[in-house]
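Below is the file run04.cif, which contains mmCIF, C-alpha atoms, pLDDT in the B column; chains and numbers go by the auth columns.
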data_final
#
loop_
_atom_site.group_PDB
_atom_site.id
_atom_site.type_symbol
_atom_site.label_atom_id
_atom_site.label_comp_id
_atom_site.label_asym_id
_atom_site.label_seq_id
_atom_site.Cartn_x
_atom_site.Cartn_y
_atom_site.Cartn_z
_atom_site.B_iso_or_equiv
_atom_site.auth_seq_id
_atom_site.auth_asym_id
ATOM 1 C CA MET A 1 12.062 -47.429 215.362 41.00 13 A
ATOM 2 C CA SER A 2 14.154 -48.474 212.365 52.00 14 A
ATOM 3 C CA ALA A 3 12.542 -48.410 208.948 74.00 15 A
ATOM 4 C CA GLU A 4 14.545 -51.470 207.944 84.00 16 A
ATOM 5 C CA PRO A 5 12.541 -54.724 208.114 90.00 17 A
ATOM 6 C CA ARG A 6 13.808 -57.596 210.186 92.00 18 A
ATOM 7 C CA ILE A 7 15.455 -60.337 208.140 93.00 19 A
ATOM 8 C CA ASN A 8 16.621 -63.913 208.776 94.00 20 A
ATOM 9 C CA ASP A 9 17.914 -64.463 212.343 90.00 21 A
ATOM 10 C CA ARG A 10 16.672 -61.026 213.455 93.00 22 A
ATOM 11 C CA ILE A 11 13.080 -62.301 213.231 93.00 23 A
ATOM 12 C CA ARG A 12 12.029 -63.380 216.752 92.00 24 A
ATOM 13 C CA VAL A 13 8.620 -65.081 216.547 94.00 25 A
ATOM 14 C CA PRO A 14 7.644 -68.754 216.836 95.00 26 A
ATOM 15 C CA GLU A 15 5.861 -68.886 213.474 95.00 27 A
ATOM 16 C CA VAL A 16 5.237 -66.762 210.380 95.00 28 A
ATOM 17 C CA ARG A 17 2.824 -66.566 207.490 96.00 29 A
ATOM 18 C CA LEU A 18 5.184 -67.350 204.617 95.00 30 A
ATOM 19 C CA VAL A 19 5.044 -65.984 201.077 94.00 31 A
ATOM 20 C CA GLY A 20 7.186 -67.736 198.468 92.00 32 A
ATOM 21 C CA PRO A 21 9.674 -66.161 196.021 91.00 33 A
ATOM 22 C CA SER A 22 7.042 -65.757 193.299 89.00 34 A
ATOM 23 C CA GLY A 23 4.382 -64.390 195.631 89.00 35 A
ATOM 24 C CA GLU A 24 2.696 -67.727 196.261 92.00 36 A
ATOM 25 C CA GLN A 25 1.103 -68.288 199.678 93.00 37 A
ATOM 26 C CA VAL A 26 2.938 -71.058 201.532 91.00 38 A
ATOM 27 C CA GLY A 27 0.898 -70.678 204.716 93.00 39 A
ATOM 28 C CA ILE A 28 1.712 -70.510 208.418 95.00 40 A
ATOM 29 C CA VAL A 29 4.948 -72.319 209.204 94.00 41 A
ATOM 30 C CA PRO A 30 7.386 -72.444 212.141 95.00 42 A
ATOM 31 C CA LEU A 31 10.138 -69.854 211.948 94.00 43 A
ATOM 32 C CA ALA A 32 12.768 -72.585 211.792 94.00 44 A
ATOM 33 C CA LYS A 33 11.060 -74.091 208.730 94.00 45 A
ATOM 34 C CA ALA A 34 10.869 -70.677 207.029 94.00 46 A
ATOM 35 C CA LEU A 35 14.592 -70.086 207.658 95.00 47 A
ATOM 36 C CA GLU A 36 15.354 -73.554 206.319 94.00 48 A
ATOM 37 C CA LEU A 37 13.438 -72.803 203.099 94.00 49 A
ATOM 38 C CA ALA A 38 15.249 -69.472 202.758 94.00 50 A
ATOM 39 C CA GLN A 39 18.599 -71.269 202.973 94.00 51 A
ATOM 40 C CA GLU A 40 17.401 -73.910 200.521 92.00 52 A
ATOM 41 C CA TYR A 41 16.431 -71.260 197.940 92.00 53 A
ATOM 42 C CA ASP A 42 19.560 -69.196 198.723 94.00 54 A
ATOM 43 C CA LEU A 43 17.311 -66.253 199.610 95.00 55 A
ATOM 44 C CA ASP A 44 16.549 -64.095 202.631 95.00 56 A
ATOM 45 C CA LEU A 45 13.547 -64.359 204.914 95.00 57 A
ATOM 46 C CA VAL A 46 12.186 -60.823 205.130 95.00 58 A
ATOM 47 C CA GLU A 47 9.445 -59.653 207.501 94.00 59 A
ATOM 48 C CA VAL A 48 7.082 -57.590 205.308 92.00 60 A
ATOM 49 C CA ALA A 49 4.133 -57.172 207.715 93.00 61 A
ATOM 50 C CA ALA A 50 5.381 -57.121 211.306 91.00 62 A
ATOM 51 C CA ASN A 51 2.006 -56.176 212.828 91.00 63 A
ATOM 52 C CA ALA A 52 0.123 -59.126 211.357 92.00 64 A
ATOM 53 C CA ARG A 53 -0.624 -62.109 213.562 92.00 65 A
ATOM 54 C CA PRO A 54 1.464 -64.069 212.811 94.00 66 A
ATOM 55 C CA PRO A 55 3.869 -61.703 211.004 94.00 67 A
ATOM 56 C CA VAL A 56 4.038 -62.064 207.236 96.00 68 A
ATOM 57 C CA CYS A 57 7.457 -62.955 205.835 96.00 69 A
ATOM 58 C CA LYS A 58 8.591 -63.365 202.248 96.00 70 A
ATOM 59 C CA LEU A 59 11.454 -65.208 200.631 96.00 71 A
ATOM 60 C CA MET A 60 13.476 -62.778 198.508 95.00 72 A
ATOM 61 C CA ASP A 61 16.934 -61.547 197.586 94.00 73 A
ATOM 62 C CA TYR A 62 16.971 -58.648 200.037 93.00 74 A
ATOM 63 C CA GLY A 63 20.093 -57.021 198.600 92.00 75 A
ATOM 64 C CA LYS A 64 18.534 -56.960 195.121 91.00 76 A
ATOM 65 C CA PHE A 65 15.248 -55.703 196.577 89.00 77 A
ATOM 66 C CA LYS A 66 16.985 -52.775 198.333 90.00 78 A
ATOM 67 C CA TYR A 67 18.908 -51.867 195.183 91.00 79 A
ATOM 68 C CA GLU A 68 15.797 -51.873 192.977 89.00 80 A
ATOM 69 C CA SER A 69 13.868 -49.848 195.567 87.00 81 A
ATOM 70 C CA ALA A 70 16.658 -47.261 195.676 89.00 82 A
ATOM 71 C CA MET A 71 16.686 -47.012 191.874 89.00 83 A
ATOM 72 C CA LYS A 72 12.908 -46.521 191.772 87.00 84 A
ATOM 73 C CA ALA A 73 13.098 -43.797 194.440 84.00 85 A
ATOM 74 C CA ARG A 74 15.900 -42.085 192.530 83.00 86 A
ATOM 75 C CA GLU A 75 13.915 -42.166 189.286 80.00 87 A
ATOM 76 C CA ALA A 76 10.846 -40.816 191.082 75.00 88 A
ATOM 77 C CA ARG A 77 12.868 -37.895 192.454 74.00 89 A
ATOM 78 C CA LYS A 78 14.331 -37.267 189.012 69.00 90 A
ATOM 79 C CA ASN A 79 10.870 -37.079 187.457 62.00 91 A
ATOM 80 C CA GLN A 80 9.324 -35.126 190.312 63.00 92 A
ATOM 81 C CA ALA A 81 7.793 -31.908 189.081 58.00 93 A
ATOM 82 C CA HIS A 82 7.940 -28.781 191.200 65.00 94 A
ATOM 83 C CA THR A 83 5.692 -26.027 189.927 64.00 95 A
ATOM 84 C CA VAL A 84 7.644 -22.799 190.199 74.00 96 A
ATOM 85 C CA ILE A 85 6.166 -19.311 190.234 88.00 97 A
ATOM 86 C CA LYS A 86 8.335 -17.020 188.147 92.00 98 A
ATOM 87 C CA GLU A 87 7.936 -13.255 188.331 92.00 99 A
ATOM 88 C CA MET A 88 8.083 -10.585 185.672 94.00 100 A
ATOM 89 C CA LYS A 89 7.843 -6.873 186.466 94.00 101 A
ATOM 90 C CA LEU A 90 6.677 -4.248 183.971 94.00 102 A
ATOM 91 C CA ARG A 91 5.969 -0.548 183.967 93.00 103 A
ATOM 92 C CA PRO A 92 2.586 0.679 182.661 92.00 104 A
ATOM 93 C CA LYS A 93 4.274 2.769 179.931 90.00 105 A
ATOM 94 C CA ILE A 94 6.700 0.091 178.774 92.00 106 A
ATOM 95 C CA ASP A 95 8.174 0.621 175.288 92.00 107 A
ATOM 96 C CA PRO A 96 7.469 -1.946 172.521 93.00 108 A
ATOM 97 C CA HIS A 97 10.973 -3.465 172.512 94.00 109 A
ATOM 98 C CA ASP A 98 11.003 -4.048 176.273 94.00 110 A
ATOM 99 C CA TYR A 99 7.486 -5.467 176.103 95.00 111 A
ATOM 100 C CA ASP A 100 8.514 -8.001 173.451 95.00 112 A
ATOM 101 C CA THR A 101 11.550 -9.004 175.525 95.00 113 A
ATOM 102 C CA LYS A 102 9.511 -9.510 178.674 95.00 114 A
ATOM 103 C CA LYS A 103 6.776 -11.328 176.791 95.00 115 A
ATOM 104 C CA GLY A 104 9.470 -13.668 175.466 95.00 116 A
ATOM 105 C CA HIS A 105 10.459 -14.536 179.033 95.00 117 A
ATOM 106 C CA VAL A 106 6.821 -15.178 179.955 95.00 118 A
ATOM 107 C CA VAL A 107 6.437 -17.448 176.905 95.00 119 A
ATOM 108 C CA ARG A 108 9.520 -19.429 177.922 93.00 120 A
ATOM 109 C CA PHE A 109 8.308 -19.822 181.511 92.00 121 A
ATOM 110 C CA LEU A 110 4.882 -21.052 180.404 92.00 122 A
ATOM 111 C CA LYS A 111 6.469 -23.494 177.951 90.00 123 A
ATOM 112 C CA GLN A 112 8.467 -24.876 180.880 88.00 124 A
ATOM 113 C CA GLY A 113 5.212 -25.504 182.745 87.00 125 A
ATOM 114 C CA ASP A 114 5.758 -22.760 185.327 90.00 126 A
ATOM 115 C CA LYS A 115 3.307 -20.178 186.612 92.00 127 A
ATOM 116 C CA VAL A 116 4.146 -16.533 186.039 95.00 128 A
ATOM 117 C CA LYS A 117 3.320 -13.651 188.384 95.00 129 A
ATOM 118 C CA ILE A 118 3.078 -10.442 186.369 95.00 130 A
ATOM 119 C CA THR A 119 3.552 -7.247 188.383 95.00 131 A
ATOM 120 C CA ILE A 120 2.790 -3.798 186.989 95.00 132 A
ATOM 121 C CA MET A 121 4.636 -1.152 189.029 94.00 133 A
ATOM 122 C CA PHE A 122 3.069 2.308 189.277 93.00 134 A
ATOM 123 C CA ARG A 123 5.111 5.346 190.242 90.00 135 A
ATOM 124 C CA GLY A 124 4.114 8.891 191.000 88.00 136 A
ATOM 125 C CA ARG A 125 1.162 10.101 188.952 88.00 137 A
ATOM 126 C CA GLU A 126 0.841 6.684 187.272 89.00 138 A
ATOM 127 C CA GLN A 127 -1.016 5.524 190.385 87.00 139 A
ATOM 128 C CA SER A 128 -3.998 7.590 189.278 89.00 140 A
ATOM 129 C CA ARG A 129 -4.168 5.624 185.984 90.00 141 A
ATOM 130 C CA PRO A 130 -4.722 1.972 187.021 91.00 142 A
ATOM 131 C CA GLU A 131 -6.467 1.326 183.697 93.00 143 A
ATOM 132 C CA LEU A 132 -3.059 1.529 181.984 92.00 144 A
ATOM 133 C CA GLY A 133 -1.838 -1.451 183.979 93.00 145 A
ATOM 134 C CA TYR A 134 -5.080 -3.349 183.501 94.00 146 A
ATOM 135 C CA ARG A 135 -4.953 -2.932 179.724 94.00 147 A
ATOM 136 C CA LEU A 136 -1.309 -4.013 179.641 95.00 148 A
ATOM 137 C CA LEU A 137 -2.084 -7.164 181.605 95.00 149 A
ATOM 138 C CA GLN A 138 -5.022 -7.953 179.339 95.00 150 A
ATOM 139 C CA ARG A 139 -2.815 -7.487 176.288 95.00 151 A
ATOM 140 C CA LEU A 140 -0.165 -9.825 177.670 96.00 152 A
ATOM 141 C CA ALA A 141 -2.735 -12.475 178.596 95.00 153 A
ATOM 142 C CA GLU A 142 -4.128 -12.384 175.046 95.00 154 A
ATOM 143 C CA ASP A 143 -0.644 -12.574 173.511 95.00 155 A
ATOM 144 C CA VAL A 144 0.200 -15.788 175.399 95.00 156 A
ATOM 145 C CA GLN A 145 -3.245 -17.390 175.525 94.00 157 A
ATOM 146 C CA ASP A 146 -2.053 -20.385 173.466 93.00 158 A
ATOM 147 C CA LEU A 147 0.417 -21.261 176.233 92.00 159 A
ATOM 148 C CA GLY A 148 -1.294 -20.078 179.408 93.00 160 A
ATOM 149 C CA PHE A 149 -4.441 -18.796 181.045 94.00 161 A
ATOM 150 C CA VAL A 150 -5.279 -16.160 183.645 95.00 162 A
ATOM 151 C CA GLU A 151 -5.236 -18.042 186.933 93.00 163 A
ATOM 152 C CA SER A 152 -5.583 -14.942 189.096 92.00 164 A
ATOM 153 C CA ASN A 153 -7.272 -11.872 187.626 94.00 165 A
ATOM 154 C CA PRO A 154 -5.548 -8.463 187.825 94.00 166 A
ATOM 155 C CA LYS A 155 -5.869 -6.876 191.258 93.00 167 A
ATOM 156 C CA GLN A 156 -4.399 -3.790 192.882 90.00 168 A
ATOM 157 C CA ASP A 157 -1.852 -4.408 195.622 87.00 169 A
ATOM 158 C CA GLY A 158 -0.635 -1.085 196.972 87.00 170 A
ATOM 159 C CA ARG A 159 1.350 0.621 194.223 90.00 171 A
ATOM 160 C CA ASN A 160 1.367 -2.542 192.122 94.00 172 A
ATOM 161 C CA MET A 161 -1.148 -4.459 190.042 95.00 173 A
ATOM 162 C CA ILE A 162 -0.714 -8.222 189.971 95.00 174 A
ATOM 163 C CA MET A 163 -1.937 -11.004 187.700 96.00 175 A
ATOM 164 C CA VAL A 164 -0.957 -14.698 187.711 95.00 176 A
ATOM 165 C CA LEU A 165 -0.750 -16.765 184.535 95.00 177 A
ATOM 166 C CA GLY A 166 -0.949 -20.550 184.697 92.00 178 A
ATOM 167 C CA PRO A 167 0.469 -22.855 181.997 92.00 179 A
ATOM 168 C CA HIS A 168 -1.776 -25.069 179.885 89.00 180 A
ATOM 169 C CA LYS A 169 1.008 -27.670 179.910 80.00 181 A
ATOM 170 C CA LYS A 170 1.825 -29.542 183.115 78.00 182 A
ATOM 171 C CA LYS A 171 5.375 -29.363 184.434 71.00 183 A
ATOM 172 C CA THR A 172 5.856 -33.108 183.989 67.00 184 A
ATOM 173 C CA GLU A 173 4.830 -32.862 180.331 74.00 185 A
ATOM 174 C CA ALA A 174 7.230 -29.965 179.737 71.00 186 A
ATOM 175 C CA MET A 175 10.086 -31.894 181.355 70.00 187 A
ATOM 176 C CA ALA A 176 9.332 -35.022 179.306 73.00 188 A
ATOM 177 C CA GLU A 177 9.241 -33.019 176.077 73.00 189 A
ATOM 178 C CA ALA A 178 12.531 -31.345 176.969 71.00 190 A
ATOM 179 C CA ARG A 179 14.191 -34.730 177.556 75.00 191 A
ATOM 180 C CA GLN A 180 12.812 -36.078 174.273 77.00 192 A
ATOM 181 C CA ALA A 181 14.085 -33.030 172.406 76.00 193 A
ATOM 182 C CA GLN A 182 17.501 -33.426 173.993 77.00 194 A
ATOM 183 C CA GLU A 183 17.650 -37.114 173.042 79.00 195 A
ATOM 184 C CA ALA A 184 16.573 -36.241 169.493 78.00 196 A
ATOM 185 C CA ARG A 185 19.381 -33.699 169.250 81.00 197 A
ATOM 186 C CA LYS A 186 21.916 -36.255 170.476 80.00 198 A
ATOM 187 C CA ALA A 187 20.686 -38.790 167.919 77.00 199 A
ATOM 188 C CA ASP A 188 20.864 -36.165 165.185 78.00 200 A
ATOM 189 C CA ALA A 189 24.399 -35.230 166.227 79.00 201 A
ATOM 190 C CA LYS A 190 25.483 -38.874 165.953 77.00 202 A
ATOM 191 C CA ALA A 191 23.828 -39.233 162.555 76.00 203 A
ATOM 192 C CA ASN A 192 25.306 -35.947 161.318 77.00 204 A
ATOM 193 C CA PRO A 193 28.763 -35.613 162.920 71.00 205 A
ATOM 194 C CA GLY A 194 29.637 -32.740 160.601 63.00 206 A
ATOM 195 C CA LYS A 195 27.005 -30.481 162.126 57.00 207 A
ATOM 196 C CA SER A 196 28.592 -27.723 164.177 47.00 208 A
ATOM 197 C CA GLN A 197 28.266 -27.867 167.940 49.00 209 A
ATOM 198 C CA ASN A 198 27.250 -24.233 168.036 48.00 210 A
ATOM 199 C CA ALA A 199 24.289 -24.899 165.780 46.00 211 A
ATOM 200 C CA ALA A 200 23.211 -27.829 167.924 44.00 212 A
ATOM 201 C CA ASP A 201 23.399 -25.703 171.058 47.00 213 A
ATOM 202 C CA ALA A 202 21.428 -22.915 169.411 41.00 214 A
ATOM 203 C CA ASP A 203 18.673 -25.361 168.474 42.00 215 A
ATOM 204 C CA GLY A 204 18.220 -26.548 172.050 38.00 216 A
ATOM 205 C CA VAL A 205 18.641 -23.556 174.321 35.00 217 A
ATOM 206 C CA GLU A 206 14.980 -23.193 175.209 37.00 218 A
ATOM 207 C CA ASP A 207 14.197 -26.876 175.688 35.00 219 A
ATOM 208 C CA VAL A 208 17.019 -27.734 178.073 33.00 220 A
ATOM 209 C CA ASP A 209 16.208 -24.768 180.308 36.00 221 A
ATOM 210 C CA VAL A 210 13.274 -26.565 181.950 34.00 222 A
ATOM 211 C CA GLU A 211 14.834 -26.744 185.400 37.00 223 A
ATOM 212 C CA ALA A 212 16.735 -23.475 185.262 37.00 224 A
ATOM 213 C CA PRO A 213 16.483 -21.343 188.443 38.00 225 A
ATOM 214 C CA ALA A 214 14.058 -18.450 188.450 40.00 226 A
ATOM 215 C CA GLU A 215 15.439 -15.294 186.904 42.00 227 A
ATOM 216 C CA ALA A 216 15.633 -12.192 189.045 42.00 228 A
ATOM 217 C CA PRO A 217 12.615 -9.932 188.439 46.00 229 A
ATOM 218 C CA ALA A 218 13.492 -7.198 186.008 45.00 230 A
ATOM 219 C CA GLU A 219 12.004 -3.738 185.923 46.00 231 A
ATOM 220 C CA ALA A 220 11.025 -2.113 182.676 43.00 232 A
#

Go through the file and emit its structure as structure tokens.
Amino acid sequence: MSAEPRINDRIRVPEVRLVGPSGEQVGIVPLAKALELAQEYDLDLVEVAANARPPVCKLMDYGKFKYESAMKAREARKNQAHTVIKEMKLRPKIDPHDYDTKKGHVVRFLKQGDKVKITIMFRGREQSRPELGYRLLQRLAEDVQDLGFVESNPKQDGRNMIMVLGPHKKKTEAMAEARQAQEARKADAKANPGKSQNAADADGVEDVDVEAPAEAPAEA
């Protein structure tokens, strides 16, 4: 069955419950009268409730209605937020520089409103020291507590230990803030045309990365 409503001459019932252009209730009228009013107003007669008895029809500009509906659906898809689970892999004896780099990625993911799965990979004799992984996960959770919380506590999974961090900020909020920051940068660029493009790009790298694809998990 088509999702398109029946309009004008495609409506095949003896009478309809008619709704006027402004939403006013006209009442039950013969189909011929409803079509006559539609022609008089230079509008379409659109069946909006086919299962009612009699069917409910409304006078409207159907072309304009379809266009506005398409625009609303497009905007809804644009603003739709998909929570993504990123993944970051670490070794229990990670060096300070690598830890700071990986923590930076986790911070960026949480700022974007994404969840982060942290995996500690044990190899060889490290498997007998699970406390090393647990302490590392606790340290990371404390370092990013302003941006996220422990959604799934550390647990052993074979040779790995896994913890999931959830963002305090919702994905929709992160996306809205990113768009606002981008618009602010554009406005600033117009107001200060002498500002170098490189500087403008450097200011906005993190904000515009909201919908970037997940990075491949990296080992320490």

For CA of Ile19 (chain A) and CA of Arg86 (chain A), determine how far apart the two atoms are, in Å to one decimal place.
-> 24.0 Å

Nearest to Val38 (chain A): which of A:Glu143, A:Leu71, A:Ala64, A:Pro17 is it, counting only C-alpha atoms?
-> A:Leu71

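Those residues returned by the PyMOL selection byres ((chain A and resi 166) around 12) for this file are Lys129, Ile130, Thr131, Ile132, Pro142, Glu143, Leu144, Gly145, Tyr146, Arg147, Leu148, Leu149, Gln150, Arg151, Leu152, Ala153, Val162, Glu163, Ser164, Asn165, Lys167, Gln168, Asp169, Asn172, Met173, Ile174, Met175, Val176 and Leu177 of chain A.
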
Protein and nucleic acid residues near (14.8, -71.1, 197.7) (cut-off 12 Å, all atoms listed in the file) as a PyMOL selection string | chain A and resi 31-34+46-57+70-73

Find the distance between CA of Val119 (chain A) and CA of Leu159 (chain A) and write it in Å to one decimal.
-> 7.2 Å

Could you please determine the separation between CA of His109 (chain A) and CA of Gln157 (chain A) in Å, to one decimal place?
-> 20.1 Å

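Residue nearest Val28 (chain A), chosen from A:Glu99, A:Glu138, A:Glu154, A:Glu59 and counting only C-alpha atoms: A:Glu59.
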
For region 15-22 of chain A, what centre and edge lengths in Å (one decimal) does the axis-aligned box get once 5 Å is added on each side of all its listed atoms, as AutoDock Vina command-line options?
--center_x 15.2 --center_y -56.4 --center_z 210.7 --size_x 15.4 --size_y 26.1 --size_z 15.5

Residue nearest Arg171 (chain A) - candidates A:Pro42, A:Gly116, A:Gly136, A:Gly35, atoms counted: all atoms listed in the file = A:Gly136

Quick one: residues within 12 Å of Glu27 (chain A), all atoms listed in the file counted, chain neighbours fewer than 4 positions away excluded, as number ranges by chain?
-> A: 23, 39-47, 59, 62, 64-69

Evaluate the PyMOL selection byres ((chain A and resi 121) around 10) and record the selected residues as a list of chain:residue names, following the chain and residue labels used in the document.
-> A:Val96, A:Ile97, A:Lys98, A:Glu99, A:Lys115, A:Gly116, A:His117, A:Val118, A:Val119, A:Arg120, A:Leu122, A:Lys123, A:Gln124, A:Gly125, A:Asp126, A:Lys127, A:Val128, A:Leu159, A:Gly160, A:Gly178, A:Pro179, A:Glu218, A:Asp221, A:Val222, A:Ala224, A:Ala226
